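Encoded as structure tokens, the structure appears first; notes follow it.
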Amino acid sequence: MSRDTAAPIVGGSSTGLDTYNAAALASATTVIGQYSTSFGLAARLLAAGVRDEVRSIYALVRIADEIVDGAASGAGIDLAGQRELLDDLEHETERAMARGFSTNLVVHAFAVTARRVGIDPSLTRPFFASMRRDLDPAPFTQAGVAEYIYGSAEVVGLMCLRSFLHGSPRSPEDLAVLEHGARSLGAAFQKVNFLRDLAADRDALGRNYFPGVDLARLTEPAKHLLLDDMDADLEAAERVLPLLPPGSRRAVTAAHRLFARLAAKLRETPAQALMSTRVRVPDPEKLMIALSSSLGPQAWRR
């Protein structure tokens, strides 16, 4: 069956499990709607079955991120408690992936997707390890940042790729190229967000994801050097876009163009202004990017 017409995560019959799956997917969809207008907009360009799966992946990732980045501490939970919550979420995720059911609706939605498309602990464990690293106050090293980006972003790209390619087998050579592109795009997304969130990461969370860079005295040359690295990741990802199935290509193209635009706006913003301004793409421009991406690979090329 082509993924453009694949059945969604929810089955068509009226069994109890189908109803539960529907509730789980609705929970995942609510999470993405609350936390990311950009990601939610791009996800709408996915084929229906893939869209459900990607929403379920995003929801689990978002819940884990909230444990370490604000919601849990806002509830008065200390670092030890946050680690315990994160451990519990990882353990429940692995149990649900093994047995196909969870009492946590977001975890259940993810597990249904994971079992369908072949996401396994080799991808979830690095993710949770990176989330756990955010609870460690020790400064990052360059090697530590690379490991963190792999777990927090690159494996998420690989999870989504397994959904994109489910039912569309590729040769080992093409798969290796696509996996490199997925990792590059995930890395670019993460690095762009690091630069957008400099002030919040440093002042509110005490983190510096750019070891060796004095954020308080960030210079224009240093900023452009960081952006050169991000642009290289974006270029590597762009080269593999034509290899993606049609049911996912438009959405990934839209996400790629959005972050390329963010990178361009970061170049235009003075380095010191980044400590007080979070660069964003206005909603009308986001919509234009999504619309143009839906028209095909040659549309709105800058």
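Going by the structure tokens order, chains are called A, B, ..., each with residues numbered from 1, while ligands are numbered from 1 in the order shown.
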
Polymer residues at most 10 Å from segment 124-132 of chain A, only C-alpha atoms, same-chain spacing of 5 or more positions, as a PyMOL selection string: chain A and resi 61+64-69+82-84+86-87+89-91+93-94+114+119+144-145+147-156+159

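Counting only C-alpha atoms, the residue from A:Ser38, A:Thr277, A:Ala188, A:Gln142 that sits nearest to Gly212 of chain A is A:Gln142.
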
Close residues, Ala109 of chain A itself excluded, 8 Å, only C-alpha atoms, min 2 positions apart in chain, as a list in words: Asn21, Ala24, Leu25, Ala28, Ser56, Leu105, Val106, Val107, Ala111, Val112 and Thr113 of chain A

Helix (DSSP H, G or I) residues, from DSSP on the backbone, in segment 50-219 of chain A, as an NGL selection string: :A and (50-69 or 71-74 or 79-99 or 105-117 or 121-133 or 142-165 or 172-196 or 198-204 or 215-217)

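Each of A:Glu179, A:Glu235, A:Glu220, A:Asp228 was checked against Pro270 of chain A using only C-alpha atoms; the smallest atom-to-atom distance is that of A:Glu220.
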
Close residues, Gly157 of chain A itself excluded, 6 Å, only C-alpha atoms, min 5 positions apart in chain, as a PyMOL selection string: chain A and resi 182-183+186

With the cut-off set at 12 Å and counting only C-alpha atoms, tabulate each residue of segment 95-209 of chain A with an atom at most that distance from an atom of segment 39-50 of chain A, showing the nearest atom pair and its distance in Å to one decimal, ordered by chain and increasing number, as JSON lines.
```
{"residue": "A:Thr113", "atom": "CA", "partner": "A:Val50", "partner_atom": "CA", "distance": 9.4}
{"residue": "A:Arg116", "atom": "CA", "partner": "A:Val50", "partner_atom": "CA", "distance": 11.1}
{"residue": "A:Val117", "atom": "CA", "partner": "A:Val50", "partner_atom": "CA", "distance": 10.0}
{"residue": "A:Met159", "atom": "CA", "partner": "A:Val50", "partner_atom": "CA", "distance": 11.6}
{"residue": "A:Cys160", "atom": "CA", "partner": "A:Val50", "partner_atom": "CA", "distance": 8.7}
{"residue": "A:Leu161", "atom": "CA", "partner": "A:Val50", "partner_atom": "CA", "distance": 10.1}
{"residue": "A:Arg162", "atom": "CA", "partner": "A:Val50", "partner_atom": "CA", "distance": 10.0}
{"residue": "A:Ser163", "atom": "CA", "partner": "A:Val50", "partner_atom": "CA", "distance": 6.2}
{"residue": "A:Phe164", "atom": "CA", "partner": "A:Val50", "partner_atom": "CA", "distance": 6.5}
{"residue": "A:Leu165", "atom": "CA", "partner": "A:Val50", "partner_atom": "CA", "distance": 9.5}
{"residue": "A:His166", "atom": "CA", "partner": "A:Val50", "partner_atom": "CA", "distance": 9.0}
{"residue": "A:Gly167", "atom": "CA", "partner": "A:Val50", "partner_atom": "CA", "distance": 11.0}
{"residue": "A:Phe189", "atom": "CA", "partner": "A:Phe39", "partner_atom": "CA", "distance": 11.2}
```

Prev. selection, C-alpha atoms, output as an mmCIF file, in the first residue's frame:
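And here is the file that came out, part.cif:
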```
data_model
loop_
_atom_site.group_PDB
_atom_site.id
_atom_site.type_symbol
_atom_site.label_atom_id
_atom_site.label_comp_id
_atom_site.auth_asym_id
_atom_site.auth_seq_id
_atom_site.Cartn_x
_atom_site.Cartn_y
_atom_site.Cartn_z
ATOM 1 C CA THR A 113 3.768 4.226 15.753
ATOM 2 C CA ARG A 116 4.349 -0.088 13.096
ATOM 3 C CA VAL A 117 7.374 1.627 11.538
ATOM 4 C CA MET A 159 12.454 8.200 13.852
ATOM 5 C CA CYS A 160 10.496 10.344 11.412
ATOM 6 C CA LEU A 161 12.423 8.850 8.501
ATOM 7 C CA ARG A 162 11.302 5.364 9.528
ATOM 8 C CA SER A 163 7.725 6.594 9.286
ATOM 9 C CA PHE A 164 8.359 8.258 5.917
ATOM 10 C CA LEU A 165 9.878 5.102 4.423
ATOM 11 C CA HIS A 166 7.507 2.546 5.936
ATOM 12 C CA GLY A 167 6.094 0.616 2.995
ATOM 13 C CA PHE A 189 17.056 22.449 13.597
#
```

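Nearest residue to Leu175 of chain A among A:Leu205, A:Val31, A:Ala146, A:Leu244 is A:Leu244, counting only C-alpha atoms.
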
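Of the listed residues (A:Gly81, A:Gly33, A:Gly100, A:Pro137), A:Gly33 comes nearest to Arg55 of chain A; the distances count only C-alpha atoms.
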
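With atom CA of Gln272 of chain A on one side and atom CA of Met230 of chain A on the other, the separation reads 18.9 Å.
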
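Of the listed residues A:Leu218, A:Leu243, A:Leu291, A:Leu158, the one whose atoms come nearest to Ala271 of chain A is A:Leu218, with distances taken using only C-alpha atoms.
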
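Here the question is which of A:Ser73, A:Thr141, A:Thr253, A:Ser292 gets nearest to Asn208 of chain A using only C-alpha atoms, and that residue is A:Thr141.
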